[in-house]
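Undergrad: This is the structure I have questions about; it appears just below.
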Amino acid sequence: MAGPIPILKIGPTLLATIQLELHDTVVDSFQTDVLEEIEKTGASGLIIDISALETVDSYVARMLANTAKMAKLMGTETVIVGMRPEVAATLVRMGYFMEGITTALSLEEGLQLQRQRSDAGDTE
Amino acid sequence: MISPSGNAQDSTQTWEIRIDKEADIVAVRQQVRELAKELRFDQFAVAALTTAASELSRNVWVHAQKGVARVSVVWNGRKVGVELELVDQGPGIANLERALAGGFSTSKSLGLGLSGTKRLVDEFHIESEPGRGTKVVIRKWKKEF
């Protein structure tokens, strides 16, 4: 995990917190770092915290959505948490709705969602 | 970096940023964000303007590899705004109408680039000639409450 975005494991969930202004190259390496970490840890859930991001342009939005789709293919559910109101407003005005992506208001809610998911998975 | 101007109405404050590497996209974005915040745009307008700056400077980097961004304070009567001009000598856009209609992408974007950006700002001007380059000017005015 050499990338500049820390990825932590909390129980069965990986937590990636994006805290810096994103360069495209950082965005690209983040995607591969996360997928490698999922394989290594066998995490059942992934939470990406974007509450520090003041700007999410179409490139970053697509990367986030694609990362979630790739994780899903591997068997890991993603929740994107903490999107700021102005970021949500900007993405929708641009015509990008992050369809098929699970989001939550806060990290706490994201963790709760992941717990519910893994509980539901256990009883199935 | 941005000094408060007592007599901004008369001044033409412009910051010029050369785009010739990927990190310059971030530089343009930061300059626009800083200026919009300095002028006390609301958070939604700051995000819209910064995102538009990001989309357009990425276009320059991806399609032309180099160009120039000029960020300015503009006035319309008592209304203040931010203007961003991007000029490149890249391949240009053969079918502007199609590019502006959206859902059309030639490379690493959502295909929402120009059409999406247009919806984020108050004014959007584009000139492009295949083989010669592209010039885009956007403006966003501060809302007075």
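Residue numbering restarts at 1 for every chain of the structure tokens, chains are lettered A, B, ... in their displayed order, and ligands are numbered from 1 as they appear.
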Taking only chain B into account, list the residues labelled strand (DSSP E) by DSSP (computed from the backbone), as an NGL selection string.
TA: :B and (14-19 or 67-76 or 79-88 or 123-129 or 133-141)
Undergrad: Counting only C-alpha atoms, which residues of chain B sit at most 6 Å from some atom of chain A, and what is each one's closest atom pair with its distance in Å to one decimal, listed by chain and rising residue number, as a Markdown table?
TA:
| residue | atom | partner | partner_atom | distance |
| --- | --- | --- | --- | --- |
| B:Phe44 | CA | A:Glu86 | CA | 4.6 |
| B:Ala47 | CA | A:Thr55 | CA | 5.9 |
| B:Ala48 | CA | A:Thr90 | CA | 5.5 |
| B:Thr51 | CA | A:Asp57 | CA | 5.3 |
| B:Ser109 | CA | A:Tyr59 | CA | 5.8 |
| B:Gly116 | CA | A:Met94 | CA | 4.0 |
Undergrad: Calculated over only C-alpha atoms, which of the candidates B:Glu22, B:Asp42, B:Glu83, B:Glu97 has the smallest distance to B:Val62?
TA: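 Of B:Glu22, B:Asp42, B:Glu83, B:Glu97, the one nearest B:Val62 is B:Glu22, counting only C-alpha atoms.
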Undergrad: Please, what distance in Å, to one decimal, runs between atom CA of A:Asp28 and atom CA of B:Val26?
TA: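 That distance, rounded to one decimal, is 15.0 Å.
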Undergrad: If you run DSSP on the backbone here, which positions in stretch 41-124 of chain B get helix (DSSP H, G or I)? Please write them as a PyMOL selection string.
TA: chain B and resi 43-64+96-101+113-118
Undergrad: Between B:Gly131, B:His125, B:Leu86, B:Ala52, single out the one closest to B:Ile17, counting only C-alpha atoms.
TA: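 The answer is B:Leu86, which sits nearest to B:Ile17.
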Undergrad: May I have the residues within 12 Å of B:Ile138 as an MDAnalysis selection string, using only C-alpha atoms and disregarding those fewer than 2 positions away in the same chain?
TA: chainID B and resid 32 48:50 52:53 55:57 69:74 81:87 114 117:127 135:136 140:141
